[in-house]
$ cat target09.csv   # CSV, C-alpha atoms
chain,number,residue,atom,x,y,z
D,72,MET,CA,-19.9,-28.6,-21.3
D,73,GLN,CA,-23.0,-29.1,-23.4
D,74,VAL,CA,-25.2,-26.0,-24.1
D,75,PRO,CA,-28.8,-27.0,-23.9
D,76,PRO,CA,-30.9,-26.7,-27.1
D,77,ALA,CA,-32.9,-23.6,-27.8
D,78,THR,CA,-36.1,-25.5,-26.9
D,79,HIS,CA,-34.9,-26.0,-23.3
D,80,PRO,CA,-37.3,-24.1,-21.1
D,81,SER,CA,-34.5,-22.5,-19.1
D,82,TRP,CA,-33.8,-20.1,-22.0
D,83,SER,CA,-37.4,-18.7,-22.1
D,84,ASP,CA,-37.7,-18.7,-18.3
D,85,LEU,CA,-34.6,-16.5,-18.1
D,86,LEU,CA,-36.1,-14.2,-20.7
D,87,THR,CA,-39.5,-13.9,-19.1
D,88,GLY,CA,-38.2,-13.7,-15.6
D,89,LYS,CA,-39.9,-17.0,-14.6
D,90,LYS,CA,-36.5,-18.2,-13.5
D,91,ALA,CA,-35.6,-15.9,-10.6
D,92,GLN,CA,-31.9,-16.7,-10.6
D,93,GLN,CA,-29.7,-14.3,-12.4
D,94,PRO,CA,-26.9,-15.3,-14.9
D,95,ALA,CA,-23.3,-14.7,-14.0
D,96,PHE,CA,-22.5,-14.0,-17.7
D,97,MET,CA,-22.7,-10.2,-18.1
D,98,ALA,CA,-23.5,-10.3,-21.8
D,99,ALA,CA,-26.5,-12.5,-21.0
D,100,ARG,CA,-27.7,-10.0,-18.3
D,101,MET,CA,-27.6,-7.1,-20.8
D,102,PHE,CA,-29.1,-9.2,-23.6
D,103,ILE,CA,-32.0,-10.4,-21.4
D,104,VAL,CA,-32.8,-6.9,-20.3
D,105,ARG,CA,-32.8,-5.6,-23.9
D,106,CYS,CA,-35.1,-8.6,-24.9
D,107,ARG,CA,-37.5,-8.1,-22.0
D,108,MET,CA,-38.1,-4.5,-23.0
D,109,GLU,CA,-39.2,-5.7,-26.4
D,110,LEU,CA,-41.1,-8.7,-25.1
D,111,VAL,CA,-43.1,-6.6,-22.7
D,112,LYS,CA,-44.1,-4.4,-25.7
D,113,ASN,CA,-45.4,-7.4,-27.7
D,114,LYS,CA,-46.9,-9.1,-24.6
D,115,PHE,CA,-44.4,-12.0,-24.5
D,116,ASN,CA,-45.5,-13.2,-28.0
D,117,ALA,CA,-44.5,-16.9,-28.1
D,118,ASP,CA,-42.7,-16.6,-31.5
D,119,GLU,CA,-40.7,-13.6,-30.2
D,120,VAL,CA,-39.8,-15.5,-27.0
D,121,ARG,CA,-38.6,-18.5,-29.1
D,122,LYS,CA,-36.5,-16.2,-31.4
D,123,SER,CA,-34.9,-14.5,-28.4
D,124,ALA,CA,-34.3,-17.8,-26.7
D,125,ALA,CA,-32.3,-19.0,-29.7
D,126,GLN,CA,-30.3,-15.8,-29.7
D,127,LEU,CA,-29.6,-16.1,-26.0
D,128,ARG,CA,-28.4,-19.6,-26.5
D,129,ASP,CA,-26.2,-18.4,-29.3
D,130,LEU,CA,-24.5,-16.0,-26.9
D,131,TYR,CA,-23.6,-18.9,-24.7
D,132,VAL,CA,-22.4,-21.1,-27.5
D,133,LYS,CA,-20.1,-18.4,-28.8
D,134,ASN,CA,-18.7,-17.8,-25.3
D,135,ALA,CA,-18.7,-21.4,-24.0
D,136,ASP,CA,-15.1,-21.1,-22.6
D,137,CYS,CA,-15.8,-18.1,-20.4
D,138,PRO,CA,-15.7,-18.9,-16.7
D,139,SER,CA,-19.1,-17.2,-16.1
D,140,VAL,CA,-20.7,-19.1,-18.9
D,141,LYS,CA,-19.5,-22.4,-17.5
D,142,GLN,CA,-20.9,-21.3,-14.2
D,143,ASP,CA,-24.3,-20.6,-15.7
D,144,LEU,CA,-24.3,-23.9,-17.6
D,145,ALA,CA,-23.7,-25.7,-14.4
D,146,THR,CA,-26.2,-23.9,-12.3
D,147,LEU,CA,-28.9,-22.1,-14.3
D,148,LEU,CA,-29.1,-24.3,-17.4
D,149,SER,CA,-28.4,-27.8,-16.3
U,13,MET,CA,2.7,-2.3,-10.3
U,14,ARG,CA,3.6,-2.0,-14.0
U,15,ASP,CA,4.2,1.5,-15.2
U,16,HIS,CA,1.7,2.7,-17.8
U,17,MET,CA,2.9,6.3,-18.4
U,18,PHE,CA,5.4,6.8,-21.1
U,19,THR,CA,7.1,9.6,-23.1
U,20,VAL,CA,6.5,9.9,-26.8
U,21,GLN,CA,9.9,8.5,-27.5
U,22,GLU,CA,9.3,5.5,-25.3
U,23,VAL,CA,5.9,4.8,-27.0
U,24,GLU,CA,7.7,5.1,-30.4
U,25,ALA,CA,10.0,2.3,-29.3
U,26,LEU,CA,7.0,0.1,-28.3
U,27,ILE,CA,5.3,0.8,-31.6
U,28,HIS,CA,8.4,-0.2,-33.5
U,29,ARG,CA,8.5,-3.5,-31.6
U,30,GLY,CA,5.2,-4.3,-33.3
U,31,ASP,CA,3.1,-5.2,-30.3
U,32,GLY,CA,-0.6,-4.1,-30.1
U,33,LEU,CA,-1.0,-0.9,-28.1
U,34,LEU,CA,-4.0,0.9,-26.6
U,35,LEU,CA,-3.1,4.5,-26.0
U,36,ALA,CA,-4.6,7.5,-24.3
U,37,GLY,CA,-3.1,11.0,-24.1
U,38,GLN,CA,-3.2,14.5,-25.3
U,39,GLU,CA,-3.7,15.1,-29.0
U,40,PRO,CA,-0.3,16.7,-29.8
U,41,LEU,CA,1.4,13.7,-28.2
U,42,LEU,CA,-0.6,11.1,-30.2
U,43,ARG,CA,0.0,13.1,-33.4
U,44,ARG,CA,3.7,12.6,-33.0
U,45,LEU,CA,3.6,8.8,-33.0
U,46,PRO,CA,4.6,6.7,-36.0
U,47,ARG,CA,2.2,4.3,-37.7
U,48,GLY,CA,1.8,0.9,-36.2
U,49,ASN,CA,-0.5,-1.6,-34.4
U,50,TRP,CA,-2.2,0.9,-32.1
U,51,ILE,CA,-5.3,2.9,-31.5
U,52,GLY,CA,-5.6,5.9,-29.2
U,53,GLY,CA,-8.0,8.5,-27.8
U,54,THR,CA,-7.5,12.0,-26.4
U,55,ILE,CA,-7.7,12.5,-22.6
U,56,PRO,CA,-5.3,14.0,-20.0
U,57,TYR,CA,-6.7,12.2,-16.9
U,58,PHE,CA,-5.4,8.9,-15.7
U,59,MET,CA,-5.2,6.6,-12.7
U,60,ALA,CA,-1.4,5.8,-12.8
U,61,GLY,CA,1.0,4.1,-10.4
U,62,GLU,CA,1.3,7.3,-8.4
U,63,GLY,CA,-2.5,7.7,-8.2
U,64,GLY,CA,-4.9,9.9,-10.0
U,65,ILE,CA,-3.1,12.4,-12.3
U,66,VAL,CA,-3.6,15.0,-15.0
U,67,ASP,CA,-0.7,14.6,-17.4
U,68,HIS,CA,-0.1,16.6,-20.6
U,69,GLU,CA,3.4,15.3,-21.2
U,70,ARG,CA,3.0,11.5,-21.2
U,71,ILE,CA,0.9,8.8,-22.9
U,72,PHE,CA,-0.9,6.1,-21.1
U,73,VAL,CA,-0.2,2.7,-22.6
U,74,HIS,CA,-2.0,-0.6,-22.3
U,75,GLU,CA,0.2,-3.2,-24.0
U,76,LEU,CA,-1.7,-6.3,-25.2
U,77,PRO,CA,-0.6,-9.1,-22.9
U,78,PHE,CA,1.7,-11.8,-24.3
U,79,GLY,CA,0.1,-13.9,-27.0
U,80,LEU,CA,-2.7,-11.5,-27.8
U,81,ARG,CA,-2.4,-10.0,-31.3
U,82,CYS,CA,-3.8,-7.0,-33.0
U,83,GLN,CA,-5.7,-8.4,-36.0
U,84,GLY,CA,-6.5,-5.0,-37.5
U,85,VAL,CA,-8.2,-1.7,-36.9
U,86,ARG,CA,-11.7,-0.9,-38.1
U,87,ARG,CA,-13.4,2.5,-38.3
U,88,TYR,CA,-17.1,3.1,-38.0
U,89,GLY,CA,-19.2,6.2,-38.6
U,90,SER,CA,-22.8,6.7,-37.4
U,91,GLY,CA,-24.1,5.0,-40.5
U,92,ASP,CA,-22.3,1.7,-40.1
U,93,VAL,CA,-21.5,1.3,-36.4
U,94,ASP,CA,-24.4,-1.1,-36.2
U,95,ARG,CA,-22.0,-3.7,-37.7
U,96,VAL,CA,-19.5,-3.4,-34.8
U,97,TYR,CA,-20.4,-6.6,-33.0
U,98,ALA,CA,-21.0,-8.7,-36.1
U,99,ASP,CA,-17.5,-7.8,-37.3
U,100,LEU,CA,-15.6,-8.9,-34.2
U,101,PRO,CA,-13.3,-11.8,-34.6
U,102,ALA,CA,-14.6,-15.2,-33.5
U,103,ASP,CA,-11.5,-16.0,-31.5
U,104,GLY,CA,-11.1,-12.7,-29.7
U,105,PHE,CA,-12.6,-9.4,-28.7
U,106,GLY,CA,-12.7,-5.7,-29.7
U,107,VAL,CA,-11.5,-2.5,-28.1
U,108,ILE,CA,-13.5,0.5,-29.2
U,109,ILE,CA,-12.8,4.3,-28.8
U,110,LEU,CA,-15.4,6.8,-29.7
U,111,PRO,CA,-15.0,10.6,-29.7
U,112,ALA,CA,-17.3,12.2,-27.2
U,113,SER,CA,-20.4,13.9,-28.5
U,114,SER,CA,-19.7,12.8,-32.1
U,115,PRO,CA,-22.6,11.4,-34.2
U,116,VAL,CA,-21.0,7.9,-33.9
U,117,HIS,CA,-20.9,8.2,-30.1
U,118,LEU,CA,-24.6,9.1,-30.0
U,119,ALA,CA,-25.5,6.4,-32.5
U,120,PHE,CA,-23.7,3.7,-30.6
U,121,ALA,CA,-25.0,4.9,-27.2
U,122,LEU,CA,-28.6,4.8,-28.3
U,123,GLY,CA,-28.6,1.9,-30.6
U,124,ALA,CA,-26.0,-0.6,-29.4
U,125,PRO,CA,-28.3,-3.0,-27.6
U,126,ASN,CA,-30.3,-3.5,-30.8
U,127,PHE,CA,-27.3,-3.9,-33.2
U,128,GLU,CA,-26.8,-7.2,-35.0
U,129,GLN,CA,-25.0,-9.8,-32.8
U,130,PHE,CA,-25.1,-7.5,-29.7
U,131,ALA,CA,-22.9,-8.9,-27.0
U,132,ALA,CA,-22.0,-12.0,-29.0
U,133,ARG,CA,-18.4,-11.2,-28.6
U,134,PRO,CA,-16.7,-9.0,-25.9
U,135,LEU,CA,-16.5,-5.3,-26.8
U,136,VAL,CA,-14.8,-3.0,-24.3
U,137,GLY,CA,-13.6,0.5,-24.6
U,138,TRP,CA,-14.1,4.2,-23.9
U,139,VAL,CA,-15.2,7.6,-25.0
U,140,SER,CA,-12.4,10.0,-25.6
U,141,GLY,CA,-12.5,13.6,-24.2
U,142,VAL,CA,-10.6,16.7,-23.5
U,143,HIS,CA,-9.3,18.6,-20.5
U,144,LEU,CA,-12.4,20.1,-18.8
U,145,ASP,CA,-10.9,23.6,-19.3
U,146,ASP,CA,-10.9,22.9,-23.1
U,147,LEU,CA,-14.6,21.9,-23.3
U,148,GLY,CA,-16.1,23.7,-26.3
U,149,SER,CA,-12.8,24.9,-27.6
U,150,LYS,CA,-11.1,21.6,-28.5
U,151,SER,CA,-12.8,18.4,-29.9
U,152,PRO,CA,-12.2,14.9,-28.6
U,153,LYS,CA,-10.4,12.7,-31.1
U,154,VAL,CA,-9.6,9.1,-31.7
U,155,PHE,CA,-6.5,7.8,-33.6
U,156,ASP,CA,-6.1,4.9,-36.1
U,157,GLY,CA,-2.5,4.1,-35.5
U,158,THR,CA,-2.3,2.0,-38.7
U,159,THR,CA,-2.5,5.2,-40.7
U,160,GLY,CA,-1.7,7.7,-37.9
U,161,GLU,CA,-4.9,9.7,-38.7
U,162,ALA,CA,-6.8,11.6,-36.0
U,163,LEU,CA,-10.6,11.3,-36.3
U,164,GLU,CA,-13.4,13.4,-34.9
U,165,GLU,CA,-16.4,11.6,-36.3
U,166,LYS,CA,-15.4,8.0,-36.5
U,167,ALA,CA,-14.9,5.3,-33.9
U,168,VAL,CA,-11.9,3.0,-34.0
U,169,VAL,CA,-12.0,-0.6,-33.0
U,170,MET,CA,-9.0,-2.8,-32.6
U,171,HIS,CA,-9.7,-6.5,-33.3
U,172,VAL,CA,-7.7,-8.6,-30.8
U,173,THR,CA,-7.2,-12.3,-31.2
U,174,LEU,CA,-6.5,-14.7,-28.4
U,175,PRO,CA,-4.1,-17.5,-28.4
U,176,LYS,CA,-5.5,-21.0,-28.0
U,177,GLY,CA,-6.4,-21.8,-24.4
U,178,LYS,CA,-7.1,-18.2,-23.5
U,179,VAL,CA,-10.5,-16.5,-23.0
U,180,ALA,CA,-11.5,-12.9,-22.6
U,181,GLU,CA,-14.3,-11.8,-20.3
U,182,LEU,CA,-15.7,-8.4,-19.6
U,183,GLY,CA,-16.4,-7.0,-16.2
U,184,VAL,CA,-17.6,-3.8,-14.5
U,185,LEU,CA,-17.0,-2.3,-11.1
U,186,ASN,CA,-19.8,0.0,-10.1
U,187,ILE,CA,-19.9,1.2,-6.5
U,188,PHE,CA,-23.4,2.6,-7.0
U,189,ARG,CA,-26.6,0.8,-6.1
U,190,GLU,CA,-30.3,1.7,-6.5
U,191,GLY,CA,-31.5,3.8,-3.6
U,192,ASN,CA,-34.7,3.4,-1.7
U,193,GLY,CA,-36.6,6.0,-3.7
U,194,PRO,CA,-39.4,5.3,-6.2
U,195,ALA,CA,-38.9,3.9,-9.6
U,196,ILE,CA,-38.5,6.5,-12.3
U,197,ASN,CA,-39.8,5.6,-15.8
U,198,PHE,CA,-39.0,7.6,-18.9
U,199,LEU,CA,-41.6,8.1,-21.6
U,200,SER,CA,-39.0,7.9,-24.4
U,201,SER,CA,-35.4,6.8,-24.9
U,202,GLY,CA,-32.7,9.4,-25.3
U,203,PHE,CA,-30.1,11.7,-23.7
U,204,SER,CA,-32.6,14.1,-22.2
U,205,ALA,CA,-36.0,14.0,-20.6
U,206,LYS,CA,-38.7,16.4,-19.5
U,207,GLU,CA,-41.6,14.2,-18.4
U,208,VAL,CA,-41.2,11.1,-16.3
U,209,GLU,CA,-43.5,8.7,-14.4
U,210,VAL,CA,-42.7,8.4,-10.8
U,211,ASP,CA,-44.7,5.7,-9.1
U,212,GLY,CA,-47.1,5.9,-12.0
U,213,GLU,CA,-47.6,9.7,-11.6
U,214,ARG,CA,-46.5,11.8,-14.6
U,215,GLN,CA,-44.4,14.9,-13.6
U,216,ASN,CA,-41.6,17.2,-14.8
U,217,PHE,CA,-38.3,15.5,-14.0
U,218,ALA,CA,-36.3,18.8,-13.4
U,219,GLN,CA,-39.0,19.9,-10.9
U,220,TYR,CA,-38.9,16.5,-9.3
U,221,ILE,CA,-35.2,16.6,-8.8
U,222,LYS,CA,-35.4,20.1,-7.2
U,223,LYS,CA,-38.4,19.3,-5.0
U,224,ASN,CA,-36.7,16.2,-3.7
U,225,GLY,CA,-33.3,17.7,-3.4
U,226,LEU,CA,-31.7,14.9,-5.4
U,227,ASP,CA,-27.9,15.0,-5.5
U,228,THR,CA,-27.2,14.8,-9.3
U,229,ARG,CA,-23.6,13.7,-8.7
U,230,LEU,CA,-25.2,10.4,-7.9
U,231,PRO,CA,-26.4,8.5,-11.1
U,232,LEU,CA,-29.7,6.9,-12.0
U,233,VAL,CA,-29.3,3.1,-11.6
U,234,ALA,CA,-31.1,0.4,-13.5
U,235,ASP,CA,-31.0,-3.3,-12.5
U,236,TYR,CA,-29.7,-5.4,-15.5
U,237,CYS,CA,-30.4,-8.8,-14.0
U,238,GLY,CA,-28.2,-8.1,-11.0
U,239,THR,CA,-25.7,-5.8,-12.7
U,240,PRO,CA,-26.3,-2.1,-11.7
U,241,ILE,CA,-26.0,0.1,-14.7
U,242,ASN,CA,-25.7,3.8,-14.3
U,243,VAL,CA,-26.9,6.8,-16.3
U,244,SER,CA,-25.2,10.0,-15.1
U,245,TYR,CA,-26.8,13.4,-15.0
U,246,GLN,CA,-25.1,16.0,-17.2
U,247,ALA,CA,-27.2,19.1,-16.5
U,248,VAL,CA,-30.6,20.1,-15.1
U,249,ASP,CA,-32.2,23.0,-17.1
U,250,ASP,CA,-34.7,24.4,-14.6
U,251,ALA,CA,-35.8,27.1,-16.9
U,252,ASN,CA,-36.9,24.7,-19.6
U,253,GLY,CA,-37.7,21.8,-17.3
U,254,GLU,CA,-35.3,19.4,-19.1
U,255,VAL,CA,-32.7,17.0,-17.7
U,256,PHE,CA,-29.7,15.9,-19.7
U,257,PHE,CA,-27.7,12.7,-19.3
U,258,TYR,CA,-24.3,11.4,-20.3
U,259,ALA,CA,-25.8,8.1,-21.6
U,260,PRO,CA,-29.3,7.4,-22.9
U,261,VAL,CA,-32.2,6.4,-20.6
U,262,TYR,CA,-34.5,3.8,-22.1
U,263,ALA,CA,-38.2,3.8,-22.1
U,264,GLY,CA,-39.5,0.7,-20.4
U,265,MET,CA,-36.6,0.4,-18.0
U,266,PRO,CA,-37.2,1.4,-14.4
U,267,TYR,CA,-34.5,3.6,-12.9
U,268,ARG,CA,-33.8,4.6,-9.3
U,269,HIS,CA,-31.7,7.4,-8.0
U,270,ALA,CA,-28.5,5.9,-6.5
U,271,ALA,CA,-28.0,5.5,-2.8
U,272,PRO,CA,-25.4,7.7,-1.3
U,273,VAL,CA,-21.9,6.2,-1.0
U,274,GLY,CA,-19.2,6.8,1.6
U,275,ASP,CA,-15.6,7.1,0.5
U,276,TYR,CA,-15.1,6.2,-3.1
U,277,VAL,CA,-11.7,4.7,-2.7
U,278,THR,CA,-12.8,2.5,0.2
U,279,GLU,CA,-15.9,1.3,-1.6
U,280,PHE,CA,-13.9,0.7,-4.8
U,281,THR,CA,-11.2,-1.3,-3.1
U,282,SER,CA,-13.7,-3.4,-1.2
U,283,GLN,CA,-15.5,-4.4,-4.4
U,284,LEU,CA,-12.3,-5.0,-6.4
U,285,PRO,CA,-12.0,-8.7,-7.3
U,286,LYS,CA,-8.7,-10.2,-6.0
U,287,ASP,CA,-5.7,-10.3,-8.5
U,288,LEU,CA,-7.7,-8.3,-11.0
U,289,GLY,CA,-4.7,-6.1,-11.8
U,290,GLN,CA,-2.7,-9.0,-13.1
U,291,ARG,CA,-5.4,-10.4,-15.3
U,292,THR,CA,-6.6,-7.2,-16.8
U,293,ALA,CA,-5.7,-6.5,-20.4
U,294,PHE,CA,-7.6,-3.1,-20.5
U,295,SER,CA,-9.6,-1.0,-18.1
U,296,CYS,CA,-11.0,2.5,-17.9
U,297,ASN,CA,-12.8,4.5,-15.3
U,298,CYS,CA,-15.1,7.5,-15.5
U,299,ILE,CA,-14.2,11.2,-15.3
U,300,LEU,CA,-17.2,11.7,-13.0
U,301,ASN,CA,-15.7,9.3,-10.5
U,302,PHE,CA,-12.4,11.1,-10.8
U,303,LEU,CA,-14.1,14.5,-10.2
U,304,TYR,CA,-16.8,13.8,-7.7
U,305,SER,CA,-14.5,11.5,-5.6
U,306,ASN,CA,-11.5,13.8,-5.9
U,307,LEU,CA,-9.3,11.0,-7.1
U,308,GLU,CA,-6.4,13.2,-8.1
U,309,GLY,CA,-3.5,12.1,-6.0
U,310,LYS,CA,-5.4,9.1,-4.7
U,311,LYS,CA,-4.8,5.4,-5.5
U,312,THR,CA,-7.5,2.9,-6.4
U,313,ALA,CA,-5.7,-0.3,-5.4
U,314,ASN,CA,-3.4,-1.5,-8.2
U,315,ILE,CA,-5.7,-0.4,-11.0
U,316,ALA,CA,-4.1,1.9,-13.7
U,317,CYS,CA,-6.3,3.2,-16.5
U,318,PRO,CA,-7.3,6.2,-18.5
U,319,ILE,CA,-10.1,8.3,-17.1
U,320,THR,CA,-12.8,8.6,-19.7
U,321,PHE,CA,-15.9,10.4,-20.9
U,322,GLY,CA,-17.8,7.1,-21.0
U,323,GLU,CA,-17.0,3.5,-20.6
U,324,ILE,CA,-18.0,0.6,-22.8
U,325,ALA,CA,-18.6,-3.0,-21.7
U,326,TYR,CA,-20.8,-4.3,-24.5
U,327,GLN,CA,-22.8,-1.0,-24.2
U,328,LEU,CA,-22.2,2.6,-23.0
U,329,LEU,CA,-21.9,2.9,-19.2
U,330,ASN,CA,-21.4,5.9,-16.9
U,331,GLN,CA,-19.6,6.3,-13.5
U,332,THR,CA,-18.2,2.8,-13.8
U,333,MET,CA,-14.9,1.0,-14.2
U,334,ALA,CA,-15.0,-1.3,-17.2
U,335,TYR,CA,-12.4,-4.0,-17.8
U,336,VAL,CA,-11.5,-7.1,-19.8
U,337,THR,CA,-9.7,-10.0,-18.2
U,338,ILE,CA,-7.7,-12.7,-19.9
U,339,ASP,CA,-8.0,-16.2,-18.3
U,340,SER,CA,-6.8,-19.7,-19.2
U,341,VAL,CA,-9.5,-22.0,-20.4

$ encode --input "target09.csv" --output "structure tokens"
Amino acid sequence: MQVPPATHPSWSDLLTGKKAQQPAFMAARMFIVRCRMELVKNKFNADEVRKSAAQLRDLYVKNADCPSVKQDLATLLS
Amino acid sequence: MRDHMFTVQEVEALIHRGDGLLLAGQEPLLRRLPRGNWIGGTIPYFMAGEGGIVDHERIFVHELPFGLRCQGVRRYGSGDVDRVYADLPADGFGVIILPASSPVHLAFALGAPNFEQFAARPLVGWVSGVHLDDLGSKSPKVFDGTTGEALEEKAVVMHVTLPKGKVAELGVLNIFREGNGPAINFLSSGFSAKEVEVDGERQNFAQYIKKNGLDTRLPLVADYCGTPINVSYQAVDDANGEVFFYAPVYAGMPYRHAAPVGDYVTEFTSQLPKDLGQRTAFSCNCILNFLYSNLEGKKTANIACPITFGEIAYQLLNQTMAYVTIDSV
């Protein structure tokens, strides 16, 4: 299954909370919460959101075979 | 259910066979083991086939499932544990054991979410401890089986590689949920706190706990995008107005005191994913669940695991069962 590019709005929407659905992939849940704490501090600076979105995508690429990642790719990130 | 409790002689035979082993037991037992592909940590509490037990004579063994290989054992101190995720094998996962209250335990607990490549690969594991009667007189240890050394100030990590067509995924089972009380915000991150903001009002946390009669056997719970993550209370120092925790609280993260739970075993069993026991390569559960829910002599479905001073599923957790499952792609 194809992992969308880092520019796909779903990544930043997950990070900012604009996308209300929650990922099934536990690593993503923990990573997003860690990022949000930082992003709140810097008022969701666009560069920081882009950087975090690329890192979040990288988590999915590296774990693309996990059942929960496949589930997210089919639902949250399609 | 497979047996996980073995004598020293039986574990020796398993080590000589060359398979990767994840061990838990009392220090004198682990010290008698030969070198091999194993890591271990000290603890005498277990969930075994016969239920919750305290065992000073046998060692708990997780054998790596067929096809999984120990690729090596790494050690980390507080100065280099920030590399733990970046070093994990691309085609596998890591199992970490940290000695409770050591500098590396504290460094990992506080810093893990900000370490390079955090959560890029599965990292599961536990915090070693001692019998509660030995707190203060004995120190928790971890063992690097490749050298047989016992370590007090280093973490050990076994790198495990997966065969083609298999994938590892971490999971947690936490029976606690956020209660209906107000959000509690901490002013700084750490293992203790004096001042907090409750509904925007700054107050002393120890006094708040007393005033509201909070049961500190229930943890604080934070919502990690749908995963409830606990921080357990260690002690409330009324005289100095300070509250201590078993894991760090983070500034900027709202916490709520957990809702009361009924019977632990009933709740645990109802939340347990089907056939988890067969797919689990490693699991551990918290000493606080063992103590507060009186698990000695009780069975938690078909789950067998060491009882630990902290659980790791990517980061440090409290009052939670952490596990890694192996599935076919």

$ residues_around --input "target09.csv" --residues "Phe115 (chain D)" --least-positions-apart "6" --cutoff "9 Å" --atoms "only C-alpha atoms" --output "list of chain:residue names"
D:Thr87, D:Arg107, D:Glu109

$ residues_around --input "target09.csv" --residues "Ala98 (chain D)" --least-positions-apart "6" --cutoff "9 Å" --atoms "only C-alpha atoms" --output "ChimeraX atom specification"
/D:130 /U:130-134,182,325-326

$ atom_distance --input "target09.csv" --atom1 "CA of Gly32 (chain U)" --atom2 "CA of Trp50 (chain U)"
5.6 Å

$ interface_residues --input "target09.csv" --of "chain D" --to "chain U" --cutoff "7 Å" --atoms "only C-alpha atoms" --output "PyMOL selection string"
chain D and resi 93+98+100-101+104-105+108+130+133+136-137

$ write_last_selection --input "target09.csv" --atoms "C-alpha atoms" --output "PDB file, in the frame of the given file"
ATOM      1  CA  GLN D  93     -29.700 -14.300 -12.400  1.00  0.00           C
ATOM      2  CA  ALA D  98     -23.500 -10.300 -21.800  1.00  0.00           C
ATOM      3  CA  ARG D 100     -27.700 -10.000 -18.300  1.00  0.00           C
ATOM      4  CA  MET D 101     -27.600  -7.100 -20.800  1.00  0.00           C
ATOM      5  CA  VAL D 104     -32.800  -6.900 -20.300  1.00  0.00           C
ATOM      6  CA  ARG D 105     -32.800  -5.600 -23.900  1.00  0.00           C
ATOM      7  CA  MET D 108     -38.100  -4.500 -23.000  1.00  0.00           C
ATOM      8  CA  LEU D 130     -24.500 -16.000 -26.900  1.00  0.00           C
ATOM      9  CA  LYS D 133     -20.100 -18.400 -28.800  1.00  0.00           C
ATOM     10  CA  ASP D 136     -15.100 -21.100 -22.600  1.00  0.00           C
ATOM     11  CA  CYS D 137     -15.800 -18.100 -20.400  1.00  0.00           C
TER      12      CYS D 137
END

$ atom_distance --input "target09.csv" --atom1 "CA of Lys286 (chain U)" --atom2 "CA of Asn186 (chain U)"
15.6 Å

$ decode --input "target09.csv" --residues "region 328-337 of chain U" --atoms "N, CA, C and O atoms" --output "mmCIF file, in the first residue's frame"
data_model
loop_
_atom_site.group_PDB
_atom_site.id
_atom_site.type_symbol
_atom_site.label_atom_id
_atom_site.label_comp_id
_atom_site.auth_asym_id
_atom_site.auth_seq_id
_atom_site.Cartn_x
_atom_site.Cartn_y
_atom_site.Cartn_z
ATOM 1 N N LEU U 328 8.151 4.884 28.639
ATOM 2 C CA LEU U 328 7.855 4.302 29.952
ATOM 3 C C LEU U 328 6.370 4.427 30.282
ATOM 4 O O LEU U 328 5.778 5.499 30.103
ATOM 5 N N LEU U 329 5.786 3.358 30.781
ATOM 6 C CA LEU U 329 4.374 3.328 31.159
ATOM 7 C C LEU U 329 4.262 2.857 32.607
ATOM 8 O O LEU U 329 5.201 2.265 33.137
ATOM 9 N N ASN U 330 3.124 3.082 33.196
ATOM 10 C CA ASN U 330 2.838 2.586 34.552
ATOM 11 C C ASN U 330 1.487 1.878 34.583
ATOM 12 O O ASN U 330 0.571 2.242 33.826
ATOM 13 N N GLN U 331 1.347 0.922 35.483
ATOM 14 C CA GLN U 331 0.082 0.224 35.735
ATOM 15 C C GLN U 331 -0.565 -0.265 34.439
ATOM 16 O O GLN U 331 -1.762 -0.105 34.217
ATOM 17 N N THR U 332 0.260 -0.859 33.590
ATOM 18 C CA THR U 332 -0.161 -1.254 32.244
ATOM 19 C C THR U 332 0.500 -2.579 31.893
ATOM 20 O O THR U 332 1.608 -2.857 32.352
ATOM 21 N N MET U 333 -0.167 -3.387 31.076
ATOM 22 C CA MET U 333 0.525 -4.520 30.480
ATOM 23 C C MET U 333 1.009 -4.092 29.099
ATOM 24 O O MET U 333 0.233 -3.559 28.298
ATOM 25 N N ALA U 334 2.291 -4.292 28.842
ATOM 26 C CA ALA U 334 2.871 -3.997 27.524
ATOM 27 C C ALA U 334 3.226 -5.311 26.854
ATOM 28 O O ALA U 334 3.614 -6.274 27.528
ATOM 29 N N TYR U 335 3.069 -5.376 25.547
ATOM 30 C CA TYR U 335 3.393 -6.638 24.855
ATOM 31 C C TYR U 335 3.779 -6.368 23.413
ATOM 32 O O TYR U 335 3.507 -5.304 22.863
ATOM 33 N N VAL U 336 4.442 -7.368 22.838
ATOM 34 C CA VAL U 336 4.755 -7.307 21.413
ATOM 35 C C VAL U 336 4.202 -8.589 20.779
ATOM 36 O O VAL U 336 4.393 -9.689 21.308
ATOM 37 N N THR U 337 3.488 -8.401 19.695
ATOM 38 C CA THR U 337 2.949 -9.557 18.961
ATOM 39 C C THR U 337 3.707 -9.725 17.651
ATOM 40 O O THR U 337 4.234 -8.764 17.088
#
